[in-house]
Each structure stands twice: as C-alpha cells, then as structure tokens.
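Undergrad: Sharing entry_31.txt below, compact mmCIF, C-alpha atoms:
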# COMPACT_ATOMS: atom_id res chain seq x y z
CA MET Q 296 57.95 178.29 61.71
CA ALA Q 297 59.29 175.09 60.15
CA SER Q 298 57.44 172.12 61.62
CA MET Q 299 56.92 168.43 61.16
CA GLU Q 300 54.45 165.88 62.48
CA ILE Q 301 55.99 162.58 63.55
CA GLY Q 302 54.11 159.34 63.88
CA ILE Q 303 53.85 155.61 63.34
CA SER Q 304 52.71 153.58 60.36
CA THR Q 305 52.11 149.84 60.34
CA PHE Q 306 50.67 147.13 58.12
CA LEU Q 307 50.01 144.94 61.18
CA GLU Q 308 52.43 142.31 59.97
CA ALA Q 309 51.72 138.78 61.18
CA ALA Q 310 54.40 136.96 59.20
CA PRO Q 311 56.02 133.76 60.45
CA HIS Q 312 58.93 134.30 62.80
CA PRO Q 313 62.16 133.72 60.84
CA GLY Q 314 63.53 131.57 63.66
CA THR Q 315 60.52 129.49 64.71
CA GLY Q 316 58.38 129.64 61.58
CA GLN Q 317 55.33 130.37 63.72
CA PRO Q 318 53.00 133.14 62.46
CA LYS Q 319 51.59 135.70 64.85
CA ASN Q 320 47.95 135.27 65.76
CA HIS Q 321 45.82 137.91 64.00
CA ALA Q 322 43.65 138.61 67.03
CA GLU Q 323 46.75 139.15 69.17
CA ARG Q 324 48.23 141.51 66.58
CA LEU Q 325 45.02 143.57 66.47
CA ARG Q 326 45.05 143.99 70.25
CA GLU Q 327 48.71 144.95 70.13
CA ALA Q 328 47.87 147.68 67.60
CA VAL Q 329 45.44 149.34 70.00
CA GLU Q 330 48.08 149.18 72.73
CA GLU Q 331 50.57 150.85 70.37
CA ILE Q 332 48.17 153.67 69.48
CA VAL Q 333 47.46 154.41 73.14
CA LEU Q 334 51.20 154.49 73.89
CA ALA Q 335 51.92 156.69 70.86
CA ASP Q 336 49.29 159.16 72.08
CA GLN Q 337 50.77 159.21 75.59
CA ALA Q 338 54.30 159.61 74.19
CA GLY Q 339 53.28 162.75 72.31
CA LEU Q 340 53.32 161.45 68.75
CA ASP Q 341 51.13 163.19 66.19
CA VAL Q 342 49.66 160.43 64.03
CA TYR Q 343 49.21 156.65 63.73
CA GLY Q 344 48.39 155.00 60.40
CA ILE Q 345 47.34 151.46 59.46
CA GLY Q 346 47.72 150.08 55.95
CA GLU Q 347 44.99 147.93 54.39
CA HIS Q 348 46.07 144.46 53.24
CA HIS Q 349 44.25 141.23 52.44
CA ARG Q 350 46.95 138.59 52.95
CA PRO Q 351 47.61 135.96 55.63
CA ASP Q 352 50.81 137.72 56.68
CA TYR Q 353 48.98 140.97 57.58
CA ALA Q 354 46.15 141.55 60.06
CA GLY Q 355 44.98 145.01 58.99
CA SER Q 356 42.21 144.45 56.45
CA ALA Q 357 39.88 146.92 58.24
CA PRO Q 358 41.92 149.92 59.44
CA ALA Q 359 38.93 152.08 60.37
CA VAL Q 360 37.65 149.45 62.81
CA ILE Q 361 41.02 149.12 64.55
CA LEU Q 362 41.50 152.89 64.72
CA ALA Q 363 37.99 153.28 66.15
CA ALA Q 364 38.84 150.82 68.91
CA ALA Q 365 41.70 153.13 69.91
CA ALA Q 366 39.78 156.39 69.45
CA ALA Q 367 37.99 156.12 72.78
CA GLN Q 368 41.29 155.50 74.60
CA THR Q 369 43.25 158.40 73.09
CA LYS Q 370 42.98 162.17 73.19
CA HIS Q 371 45.27 163.88 70.71
CA ILE Q 372 46.80 161.55 68.13
CA ARG Q 373 45.45 161.65 64.58
CA LEU Q 374 44.19 158.35 63.18
CA THR Q 375 44.59 157.49 59.52
CA SER Q 376 44.66 154.69 57.01
CA ALA Q 377 48.06 154.11 55.44
CA VAL Q 378 46.65 153.28 52.90
CA THR Q 379 43.02 152.63 51.98
CA VAL Q 380 43.05 150.63 48.74
CA LEU Q 381 40.42 152.85 47.18
CA SER Q 382 40.39 151.14 43.79
CA SER Q 383 38.83 147.96 45.22
CA ASP Q 384 36.61 149.65 47.82
CA ASP Q 385 33.48 151.77 47.57
CA PRO Q 386 33.98 155.51 48.20
CA VAL Q 387 30.61 155.83 49.95
CA ARG Q 388 31.50 153.17 52.51
CA VAL Q 389 35.05 154.51 52.90
CA TYR Q 390 33.70 157.95 53.70
CA GLN Q 391 31.07 156.58 56.10
CA GLN Q 392 33.62 154.48 57.98
CA PHE Q 393 36.10 157.30 58.42
CA ALA Q 394 33.40 159.88 59.16
CA THR Q 395 32.27 157.53 61.92
CA LEU Q 396 35.86 157.34 63.16
CA ASP Q 397 36.03 161.13 62.96
CA GLY Q 398 32.99 161.43 65.18
CA LEU Q 399 34.27 158.91 67.72
CA SER Q 400 37.66 160.65 67.88
CA ASN Q 401 36.19 164.17 67.81
CA GLY Q 402 37.83 165.21 64.57
CA ARG Q 403 41.06 163.18 64.41
CA ALA Q 404 40.42 160.91 61.40
CA GLU Q 405 42.07 160.99 57.98
CA ILE Q 406 41.98 158.90 54.82
CA MET Q 407 45.14 158.08 52.91
CA ALA Q 408 43.98 156.83 49.52
CA GLY Q 409 46.14 154.75 47.21
CA ARG Q 410 46.18 151.85 44.80
CA GLY Q 411 48.10 149.61 47.19
CA SER Q 412 51.37 147.74 46.79
CA PHE Q 413 49.65 144.34 46.59
CA ILE Q 414 46.82 143.28 44.27
CA GLU Q 415 44.96 140.64 46.36
CA SER Q 416 42.00 142.96 47.00
CA PHE Q 417 41.08 143.18 43.30
CA PRO Q 418 40.02 139.56 42.74
CA LEU Q 419 38.75 139.37 46.33
CA PHE Q 420 36.18 142.10 45.69
CA GLY Q 421 35.54 141.27 42.05
CA TYR Q 422 37.56 143.96 40.24
CA SER Q 423 39.68 143.53 37.14
CA LEU Q 424 43.31 144.59 37.10
CA ASP Q 425 42.67 145.77 33.55
CA ASP Q 426 40.81 148.69 35.17
CA TYR Q 427 43.61 149.40 37.69
CA ASN Q 428 44.13 153.08 36.83
CA GLU Q 429 40.56 153.93 35.83
CA LEU Q 430 39.16 152.53 39.08
CA PHE Q 431 41.36 154.75 41.21
CA ASP Q 432 40.74 157.92 39.20
CA GLU Q 433 37.00 157.43 39.23
CA LYS Q 434 36.67 156.48 42.87
CA LEU Q 435 38.94 159.26 44.06
CA GLU Q 436 36.75 161.76 42.25
CA LEU Q 437 33.66 160.36 43.96
CA LEU Q 438 35.29 160.27 47.40
CA LEU Q 439 36.30 163.93 47.11
CA ASP Q 440 32.78 164.86 46.00
CA ILE Q 441 31.34 163.09 49.05
CA ALA Q 442 33.81 164.81 51.37
CA LYS Q 443 32.81 168.22 50.00
CA SER Q 444 29.04 167.84 49.88
CA GLU Q 445 26.33 166.18 51.97
CA LYS Q 446 24.32 165.28 48.88
CA VAL Q 447 26.02 163.90 45.82
CA SER Q 448 25.15 163.53 42.17
CA TRP Q 449 27.87 161.66 40.32
CA ARG Q 450 28.29 159.52 37.24
CA GLY Q 451 31.28 157.41 36.18
CA GLY Q 452 32.07 154.53 33.90
CA LEU Q 453 32.77 151.66 36.31
CA ARG Q 454 30.75 152.39 39.45
CA PRO Q 455 26.96 152.87 39.37
CA ALA Q 456 25.82 156.50 39.29
CA ILE Q 457 24.50 158.41 42.32
CA GLU Q 458 21.62 160.83 41.87
CA ASP Q 459 21.23 163.46 44.60
CA ARG Q 460 21.80 161.10 47.53
CA GLY Q 461 22.99 162.03 51.00
CA VAL Q 462 25.95 160.26 52.62
CA TYR Q 463 25.90 159.97 56.40
CA PRO Q 464 27.17 160.45 59.02
CA ARG Q 465 29.02 163.63 58.14
CA ALA Q 466 32.54 164.05 59.48
CA VAL Q 467 33.37 166.47 62.27
CA GLN Q 468 36.10 167.92 60.04
CA ASP Q 469 34.82 169.74 56.98
CA PRO Q 470 36.08 168.40 54.73
CA LEU Q 471 37.41 165.11 56.04
CA PRO Q 472 41.14 165.12 55.11
CA VAL Q 473 42.10 162.93 52.16
CA TRP Q 474 45.75 162.26 51.30
CA ILE Q 475 47.17 160.67 48.15
CA ALA Q 476 49.69 157.89 48.81
CA THR Q 477 52.25 156.86 46.23
CA GLY Q 478 55.35 154.74 45.98
CA GLY Q 479 57.02 157.18 43.62
CA ASN Q 480 54.80 157.37 40.56
CA SER Q 481 55.16 160.74 38.80
CA GLN Q 482 51.54 160.79 37.68
CA SER Q 483 50.42 160.36 41.30
CA SER Q 484 52.50 163.40 42.28
CA ILE Q 485 50.95 165.43 39.48
CA ARG Q 486 47.43 164.27 40.38
CA ALA Q 487 47.88 165.21 44.04
CA GLY Q 488 49.30 168.60 43.08
CA LEU Q 489 46.55 169.46 40.62
CA LEU Q 490 43.95 168.55 43.24
CA GLY Q 491 45.79 170.41 45.99
CA LEU Q 492 45.76 167.30 48.18
CA PRO Q 493 48.41 166.27 50.71
CA VAL Q 494 50.77 163.59 49.38
CA ALA Q 495 52.56 160.73 51.14
CA TYR Q 496 55.58 158.98 49.61
CA ALA Q 497 56.55 155.43 50.58
CA ILE Q 498 60.35 155.42 50.64
CA ILE Q 499 61.52 151.88 51.37
CA GLY Q 500 64.74 151.73 49.37
CA GLY Q 501 67.47 153.82 47.79
CA MET Q 502 68.09 157.34 49.04
CA PRO Q 503 65.19 159.52 50.23
CA GLU Q 504 66.77 162.57 48.56
CA SER Q 505 66.07 160.95 45.17
CA PHE Q 506 62.39 161.79 45.71
CA ALA Q 507 63.15 165.52 45.43
CA PRO Q 508 62.19 165.67 41.72
CA LEU Q 509 58.80 164.13 42.55
CA VAL Q 510 58.23 166.68 45.31
CA ASP Q 511 59.14 169.44 42.85
CA LEU Q 512 56.74 167.97 40.29
CA TYR Q 513 54.00 167.90 42.93
CA LYS Q 514 54.57 171.55 43.86
CA ARG Q 515 54.70 172.73 40.26
CA ALA Q 516 51.44 170.95 39.46
CA ALA Q 517 49.81 172.55 42.52
CA ALA Q 518 51.04 176.01 41.53
CA GLN Q 519 49.79 175.47 37.99
CA ALA Q 520 46.34 174.64 39.36
CA GLY Q 521 46.29 177.80 41.49
CA HIS Q 522 46.87 176.19 44.90
CA ASP Q 523 48.92 177.86 47.63
CA VAL Q 524 52.18 175.91 47.57
CA SER Q 525 53.11 177.10 51.06
CA GLN Q 526 50.10 175.21 52.44
CA LEU Q 527 50.92 171.84 50.84
CA GLN Q 528 51.54 168.88 53.13
CA ILE Q 529 54.13 166.24 52.25
CA ALA Q 530 54.62 163.01 54.19
CA THR Q 531 57.06 160.14 53.88
CA HIS Q 532 56.80 156.59 55.15
CA SER Q 533 59.97 154.61 55.87
CA HIS Q 534 60.87 151.49 57.82
CA GLY Q 535 63.00 151.83 60.90
CA PHE Q 536 63.55 150.92 64.51
CA LEU Q 537 64.75 152.60 67.68
CA ALA Q 538 66.63 151.29 70.69
CA ASP Q 539 68.87 152.80 73.32
CA THR Q 540 71.91 152.15 71.11
CA LYS Q 541 72.33 152.08 67.33
CA GLN Q 542 73.75 148.56 67.41
CA ALA Q 543 70.89 147.21 69.50
CA ALA Q 544 68.31 148.69 67.12
CA ALA Q 545 70.04 147.16 64.09
CA ASP Q 546 70.41 143.76 65.72
CA LEU Q 547 66.75 143.65 66.73
CA LEU Q 548 65.44 144.58 63.30
CA TYR Q 549 67.83 142.93 60.87
CA GLU Q 550 66.75 139.27 60.84
CA PRO Q 551 62.97 139.88 60.74
CA TYR Q 552 63.42 142.63 58.14
CA ARG Q 553 65.68 140.46 56.00
CA ALA Q 554 63.14 137.64 56.06
CA GLN Q 555 60.30 139.98 55.08
CA MET Q 556 62.21 141.66 52.26
CA ASN Q 557 63.36 138.35 50.79
CA LYS Q 558 59.84 136.91 50.94
CA ILE Q 559 58.41 139.89 49.06
CA GLY Q 560 61.39 139.86 46.72
CA ALA Q 561 60.75 136.22 45.83
CA GLU Q 562 57.09 137.00 45.09
CA ARG Q 563 58.02 139.91 42.84
CA GLY Q 564 61.00 138.39 41.08
CA TRP Q 565 63.69 140.62 42.53
CA GLN Q 566 67.10 139.37 41.43
CA ALA Q 567 69.24 140.16 44.47
CA SER Q 568 68.59 138.87 47.98
CA PHE Q 569 68.60 141.27 50.93
CA ASP Q 570 71.57 140.68 53.24
CA ARG Q 571 73.35 142.39 56.14
CA ARG Q 572 75.48 144.46 53.81
CA ALA Q 573 72.39 145.88 52.09
CA PHE Q 574 70.72 146.43 55.47
CA ASP Q 575 73.68 148.32 56.91
CA ALA Q 576 73.92 150.48 53.78
CA ALA Q 577 70.24 151.38 54.12
CA CYS Q 578 70.87 152.38 57.74
CA ASP Q 579 73.56 154.88 56.70
CA PRO Q 580 72.72 158.61 57.03
CA ARG Q 581 71.50 158.88 53.41
CA GLY Q 582 69.77 155.48 53.36
CA ALA Q 583 66.07 154.67 53.55
CA LEU Q 584 66.06 152.82 56.90
CA TYR Q 585 65.66 154.92 60.05
CA VAL Q 586 67.38 152.55 62.45
CA GLY Q 587 69.41 153.58 65.47
CA ASP Q 588 69.45 155.44 68.75
CA PRO Q 589 67.20 158.53 69.15
CA GLU Q 590 69.89 161.08 68.31
CA TYR Q 591 70.90 159.28 65.11
CA VAL Q 592 67.33 158.81 63.88
CA ALA Q 593 66.53 162.45 64.70
CA GLU Q 594 69.49 163.54 62.55
CA LYS Q 595 68.21 161.44 59.65
CA ILE Q 596 64.72 162.93 59.95
CA LEU Q 597 66.16 166.44 59.97
CA LEU Q 598 68.14 165.61 56.81
CA LEU Q 599 64.91 164.34 55.26
CA HIS Q 600 63.21 167.63 56.10
CA LYS Q 601 66.09 169.56 54.57
CA ASN Q 602 66.09 167.54 51.33
CA LEU Q 603 62.35 167.11 50.75
CA GLY Q 604 60.60 169.70 52.90
CA VAL Q 605 58.40 167.06 54.50
CA THR Q 606 55.75 168.13 56.98
CA ARG Q 607 55.01 164.62 58.31
CA PHE Q 608 57.20 161.57 58.92
CA PHE Q 609 55.80 158.04 59.35
CA HIS Q 610 58.15 155.63 61.13
CA HIS Q 611 57.20 152.06 60.21
CA VAL Q 612 58.44 150.03 63.16
CA ASP Q 613 56.59 146.73 62.85
CA VAL Q 614 57.75 143.67 60.96
CA SER Q 615 55.95 141.19 63.21
CA ALA Q 616 58.82 139.05 64.45
CA VAL Q 617 60.41 141.75 66.64
CA PRO Q 618 59.24 141.20 70.25
CA HIS Q 619 56.34 143.50 71.00
CA ARG Q 620 57.98 144.91 74.13
CA ASP Q 621 60.78 146.17 71.87
CA VAL Q 622 58.27 147.63 69.40
CA LEU Q 623 56.63 149.51 72.27
CA ARG Q 624 60.03 150.77 73.42
CA SER Q 625 60.76 151.98 69.88
CA ILE Q 626 57.47 153.90 69.82
CA GLU Q 627 58.18 155.39 73.24
CA LEU Q 628 61.64 156.56 72.14
CA LEU Q 629 60.23 158.09 68.96
CA GLY Q 630 57.75 160.16 70.96
CA THR Q 631 59.78 161.08 74.02
CA LYS Q 632 63.28 161.41 72.54
CA VAL Q 633 63.28 161.77 68.75
CA ALA Q 634 60.27 164.07 68.30
CA PRO Q 635 61.48 166.66 70.86
CA ILE Q 636 64.90 166.84 69.17
CA VAL Q 637 63.35 167.32 65.73
CA ARG Q 638 60.86 169.91 66.97
CA ARG Q 639 63.56 171.85 68.80
CA GLU Q 640 65.89 171.96 65.81
CA LEU Q 641 63.11 172.92 63.40
CA ALA Q 642 61.97 175.66 65.77
CA LYS Q 643 65.43 177.19 65.45
CA LEU Q 644 64.93 177.34 61.68
CA GLY Q 645 61.74 179.32 62.27
Please, can you express the file's structure as structure tokens?
TA:
Amino acid sequence: MASMEIGISTFLEAAPHPGTGQPKNHAERLREAVEEIVLADQAGLDVYGIGEHHRPDYAGSAPAVILAAAAAQTKHIRLTSAVTVLSSDDPVRVYQQFATLDGLSNGRAEIMAGRGSFIESFPLFGYSLDDYNELFDEKLELLLDIAKSEKVSWRGGLRPAIEDRGVYPRAVQDPLPVWIATGGNSQSSIRAGLLGLPVAYAIIGGMPESFAPLVDLYKRAAAQAGHDVSQLQIATHSHGFLADTKQAAADLLYEPYRAQMNKIGAERGWQASFDRRAFDAACDPRGALYVGDPEYVAEKILLLHKNLGVTRFFHHVDVSAVPHRDVLRSIELLGTKVAPIVRRELAKLG
C-alpha cells in the first residue's frame, strides 16, 4: 500500500518580529517547542524534527535535549533532528545523546545527519571549513559504525582513532535510524543511495518536481550497491502554513516569511528580494510553499508523492513572528485534517 508519514520540522526560529523588531526569548521558544510536539502527537502526526543551529535568531542548538523533554509527554510521535550538523560534532556524543532519547521515548528517536545550511558551528567548535567535505564523510562513517556495533575500532584522518571501545547507552532500536539530509547536492544523493540510508531533501524554492532527477540518482545508486529499492525512504522538508482558509494562511505567513527570506538573502548575496509576487508564486500548486487550507495543502502533498515518491513529508510551519496560537492551529490542522486526506487517497492507490 502506498503510504506517507507526515510531520513537523522546525529550526526554532527566534528572529525579530518584522513589525516590532523584538526578538523572541529563547527560553520561551524552547517551551513552545515542547508544547508543539505534545500537540503534534495528540493530533496524530508521525514525526517532529528540530534543526541544529548556532545563531542568535534560532533557539535549537541542542535538539536531543528538547526532544527528550517532550519524550516523556508523548506516546507515538517519532523524534528526530532536522538536521544534526555532524561535521562539527562528535559522532560518539551524537550517538549517545540520541540513544538516550531513544531509551526515554521507547524507540522513537532518529538522527538526520547533514552538513548544515549555515557555517557558524565550524569556528565555534574549532573546525576548519577547508575540511568541510572530509569531516562529514569521516564522521558519518564513524557514526554508522557505532550504530551497528557496541564496540568500535575505527581510524580516520581528522578525528582521533578509537580502539575497541564500547559506546553506551545502546539504543532501543537496532540500529538507531540515521538519515542523510541534503539541500539538493547530487553527491549526497549518491552517498545515501550507496549506503542504503534514508534521504531527506530540503525543498525551499523552485518546483519540488525538479528534484526528481536527484531521487532517480539516489535509487540508481542504491540499486547499484545491492540495496532493495522498494524499501528506500525519501523525505522532503518544505515551508508552509495552514489556516481555515487559503487567504488567511497566506496573510499570516507572508510578512514574517518575507522578512526571514530577505535577511538570509542579504547574508548570502542573493540579487533579488523576496516579495508578495514571489510568495504567491511559491504557494501555487507546483510551488515549494505548502500554504493554504487543509484541502489545498493535502492536494499539494499528494502531487509531491506522485512526482517524487516521497514516504515522509516535513511541514516547516515556524518562522518565529507568527503568533504561537496560529502555529498550534496549523499543526492541529495538519494532523486532524490534512493527514487523514492524504492517507485516505494514498490508501486508494494501494
């Protein structure tokens, strides 16, 4: 039967409000995240992910800690990083933190490993950007070795070697799930395929269907390595927002989203500013923003499944300046309205 998991992803944005200029308090944002996870679990969503960042406009520098705070208050929802910046972290500690989360949640933890879309963690933890690719390759290899075996012997070029050492606690799940996250790099798709690992694509612009060649590359690499392609898991992460009407959802999200996109664009030297015309285009059926009423967003998710064969959809609903009551309403609608529509329609395909 065709199926898809639906959940929430967030970076715990704490950016200044575009109207008042006042940033959100980090402690308040952390508490809101736990409230969101509990609601997502009650609403029947499948997964909640927190991205690791080390900037003043984000509060989620320690996803495993936040997810652990919610583990005791939830029963079913899977809890994952989205992503763990593995290149600037230590694989032993990453495994230990998420194995601890796995124990607290009774087998609901996952790691989504990536290189991150920002680079602040590299100088913060003493790593050189000259080693950007080598750090990720090496540390991913070690993390997978730890996930597979209680005792590890490993030697690399940048991290000190490990000689027959145990890593504890062990996860409830064996092995602890590790996903590869990518923004659209072809080599990341090939790497995930060759390793037979689940892959998650961040689709924040353009048309989601344009990622089809990367999905094909991922599947071909997996088949070449002897993995069962029918068992591969593919996720996407896209911004969006839900309200009772399409217009209300767009009006709630536009100004905070515009401010965030233009801030990042200024940092990265993007030429064009993000305006209402660009926003509305991205909200169209083939666009990358999943904004609207439940029926409309469900239709877009079903189109995504048709074009890319995704097995998991992350709806990124938080850009900080949207009132939290509206964020909670968006999460509730995703779980109680959108997910049932998608599951029902996909069941027909089965």
Undergrad: Find the residues near Met502 (chain Q): any atom within 7 Å, counting all atoms listed in the file, skip ones fewer than 4 places away on the same chain, and give them as a PyMOL selection string.
TA: chain Q and resi 581-583
Undergrad: Counting only C-alpha atoms, figure out which residue out of Q:Thr631, Q:Gln392, Q:Thr305, Q:Ser615 gets nearest to Asn320 (chain Q).
TA: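 Among the listed residues, Q:Ser615 lies closest to Asn320 (chain Q).
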Undergrad: Have a look at Q:Arg326, Q:Arg571, Q:Arg465, Q:Lys595 and name the one nearest to Gln391 (chain Q); count only C-alpha atoms.
TA: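 Nearest candidate to Gln391 (chain Q) out of Q:Arg326, Q:Arg571, Q:Arg465, Q:Lys595: Q:Arg465.
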Undergrad: Region 433-508 of chain Q near region 417-429 of chain Q within 12 Å: what's each residue's closest atom pair and its distance in Å to one decimal, counting all atoms listed in the file, ordered by chain then ascending residue number, as a Markdown table?
TA:
| residue | atom | partner | partner_atom | distance |
| --- | --- | --- | --- | --- |
| Q:Glu433 | CA | Q:Glu429 | CA | 6.0 |
| Q:Lys434 | CA | Q:Glu429 | CA | 8.4 |
| Q:Leu435 | CA | Q:Glu429 | CA | 9.9 |
| Q:Glu436 | CA | Q:Glu429 | CA | 10.8 |
| Q:Gly451 | CA | Q:Glu429 | CA | 9.9 |
| Q:Gly452 | CA | Q:Glu429 | CA | 8.7 |
| Q:Leu453 | CA | Q:Glu429 | CA | 8.1 |
| Q:Arg454 | CA | Q:Glu429 | CA | 10.6 |
| Q:Gln482 | CA | Q:Asn428 | CA | 10.7 |
| Q:Ser483 | CA | Q:Asn428 | CA | 10.6 |
Undergrad: Using all atoms listed in the file, which protein or nucleic acid residues come within 10 Å of Ile529 (chain Q)? Drop anything in the same chain fewer than 6 positions from it, and give the result as a ChimeraX atom specification.
TA: /Q:299,474-475,492-496,510,513-514,600,603-608
Undergrad: Go ahead and save the residues from that selection, with C-alpha atoms, as a PDB file, in the coordinates of the input.
TA:
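Written file, part.pdb:
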ATOM      1  CA  MET Q 299      56.920 168.430  61.160  1.00  0.00           C
ATOM      2  CA  TRP Q 474      45.750 162.260  51.300  1.00  0.00           C
ATOM      3  CA  ILE Q 475      47.170 160.670  48.150  1.00  0.00           C
ATOM      4  CA  LEU Q 492      45.760 167.300  48.180  1.00  0.00           C
ATOM      5  CA  PRO Q 493      48.410 166.270  50.710  1.00  0.00           C
ATOM      6  CA  VAL Q 494      50.770 163.590  49.380  1.00  0.00           C
ATOM      7  CA  ALA Q 495      52.560 160.730  51.140  1.00  0.00           C
ATOM      8  CA  TYR Q 496      55.580 158.980  49.610  1.00  0.00           C
ATOM      9  CA  VAL Q 510      58.230 166.680  45.310  1.00  0.00           C
ATOM     10  CA  TYR Q 513      54.000 167.900  42.930  1.00  0.00           C
ATOM     11  CA  LYS Q 514      54.570 171.550  43.860  1.00  0.00           C
ATOM     12  CA  HIS Q 600      63.210 167.630  56.100  1.00  0.00           C
ATOM     13  CA  LEU Q 603      62.350 167.110  50.750  1.00  0.00           C
ATOM     14  CA  GLY Q 604      60.600 169.700  52.900  1.00  0.00           C
ATOM     15  CA  VAL Q 605      58.400 167.060  54.500  1.00  0.00           C
ATOM     16  CA  THR Q 606      55.750 168.130  56.980  1.00  0.00           C
ATOM     17  CA  ARG Q 607      55.010 164.620  58.310  1.00  0.00           C
ATOM     18  CA  PHE Q 608      57.200 161.570  58.920  1.00  0.00           C
TER      19      PHE Q 608
END
Undergrad: Counting all atoms listed in the file, figure out which residue out of Q:Ala593, Q:Ala530, Q:Ala487, Q:Val622 gets nearest to Glu330 (chain Q).
TA: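 Checking each of Q:Ala593, Q:Ala530, Q:Ala487, Q:Val622 against Glu330 (chain Q), counting all atoms listed in the file, the winner is Q:Val622.
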Undergrad: Which residues are close to Arg620 (chain Q), i.e. within 12 Å by only C-alpha atoms, leaving aside same-chain residues fewer than 5 positions away? Reply as JSON, numbers by chain.
TA: {"Q": [327, 330, 331, 334, 538, 547, 613, 615, 625, 626, 627]}
Undergrad: Write the residues of the selection above to a file with C-alpha atoms, as a PDB file, in the coordinates of the input.
TA:
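What ended up in result31.pdb:
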ATOM      1  CA  GLU Q 327      48.710 144.950  70.130  1.00  0.00           C
ATOM      2  CA  GLU Q 330      48.080 149.180  72.730  1.00  0.00           C
ATOM      3  CA  GLU Q 331      50.570 150.850  70.370  1.00  0.00           C
ATOM      4  CA  LEU Q 334      51.200 154.490  73.890  1.00  0.00           C
ATOM      5  CA  ALA Q 538      66.630 151.290  70.690  1.00  0.00           C
ATOM      6  CA  LEU Q 547      66.750 143.650  66.730  1.00  0.00           C
ATOM      7  CA  ASP Q 613      56.590 146.730  62.850  1.00  0.00           C
ATOM      8  CA  SER Q 615      55.950 141.190  63.210  1.00  0.00           C
ATOM      9  CA  SER Q 625      60.760 151.980  69.880  1.00  0.00           C
ATOM     10  CA  ILE Q 626      57.470 153.900  69.820  1.00  0.00           C
ATOM     11  CA  GLU Q 627      58.180 155.390  73.240  1.00  0.00           C
TER      12      GLU Q 627
END
Undergrad: So what do you get for CA of His371 (chain Q) versus CA of Pro618 (chain Q), distance-wise?
TA: 26.6 Å
Undergrad: My list of candidates is Q:Tyr552, Q:Phe393, Q:Phe431, Q:Phe536. Which is closest to Pro470 (chain Q) when distances are computed with all atoms listed in the file?
TA: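 Closest residue, counting all atoms listed in the file: Q:Phe393.
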Undergrad: Excluding Met556 (chain Q) and residues on its chain fewer than 4 positions from it, collect all residues at most 12 Å away from it, counting all atoms listed in the file, and give them as JSON, numbers by chain.
TA: {"Q": [310, 313, 499, 500, 534, 548, 549, 550, 551, 552, 560, 561, 562, 563, 564, 565, 567, 568, 569, 570, 571, 573, 574, 614]}
Undergrad: Hey, can you check how far CA of Ile441 (chain Q) sits from CA of Val462 (chain Q)?
TA: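 We find that CA of Ile441 (chain Q) and CA of Val462 (chain Q) lie 7.1 Å from each other.
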Undergrad: Mind pulling up the distance from CA of Ser444 (chain Q) to CA of Arg515 (chain Q)?
TA: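 Value for the CA of Arg515 (chain Q)-CA of Ser444 (chain Q) distance: 27.8 Å.
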Undergrad: So which residues touch Ser356 (chain Q) within 9 Å, counting only C-alpha atoms, skipping near sequence neighbours fewer than 6 positions away, as a PyMOL selection string?
TA: chain Q and resi 346-350
Undergrad: Might I get the box with edges along x, y and z of the file that holds all atoms of region 585-592 of chain Q listed there, padded by 6 Å on every side, given as centre and edge lengths in Å to one decimal, as lines of an AutoDock Vina configuration file?
TA:
center_x = 68.3
center_y = 156.8
center_z = 64.6
size_x = 17.2
size_y = 20.5
size_z = 21.1
Undergrad: Point out the residue among Q:Val637, Q:Val387, Q:Ala408, Q:Leu598 with the least atom-to-atom distance to Glu504 (chain Q), counting only C-alpha atoms.
TA: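 Going through Q:Val637, Q:Val387, Q:Ala408, Q:Leu598 one by one, the smallest distance to Glu504 (chain Q) is for Q:Leu598.
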Undergrad: Determine, counting only C-alpha atoms, every residue of protein, DNA or RNA that lies within 8 Å of (53.2, 161.0, 62.8) in the file coordinates, then give the result as a PDB file with C-alpha atoms, in the coordinates of the input.
TA:
ATOM      1  CA  GLU Q 300      54.450 165.880  62.480  1.00  0.00           C
ATOM      2  CA  ILE Q 301      55.990 162.580  63.550  1.00  0.00           C
ATOM      3  CA  GLY Q 302      54.110 159.340  63.880  1.00  0.00           C
ATOM      4  CA  ILE Q 303      53.850 155.610  63.340  1.00  0.00           C
ATOM      5  CA  SER Q 304      52.710 153.580  60.360  1.00  0.00           C
ATOM      6  CA  LEU Q 340      53.320 161.450  68.750  1.00  0.00           C
ATOM      7  CA  ASP Q 341      51.130 163.190  66.190  1.00  0.00           C
ATOM      8  CA  VAL Q 342      49.660 160.430  64.030  1.00  0.00           C
ATOM      9  CA  TYR Q 343      49.210 156.650  63.730  1.00  0.00           C
ATOM     10  CA  ARG Q 373      45.450 161.650  64.580  1.00  0.00           C
ATOM     11  CA  ARG Q 607      55.010 164.620  58.310  1.00  0.00           C
ATOM     12  CA  PHE Q 608      57.200 161.570  58.920  1.00  0.00           C
ATOM     13  CA  PHE Q 609      55.800 158.040  59.350  1.00  0.00           C
ATOM     14  CA  HIS Q 610      58.150 155.630  61.130  1.00  0.00           C
TER      15      HIS Q 610
END
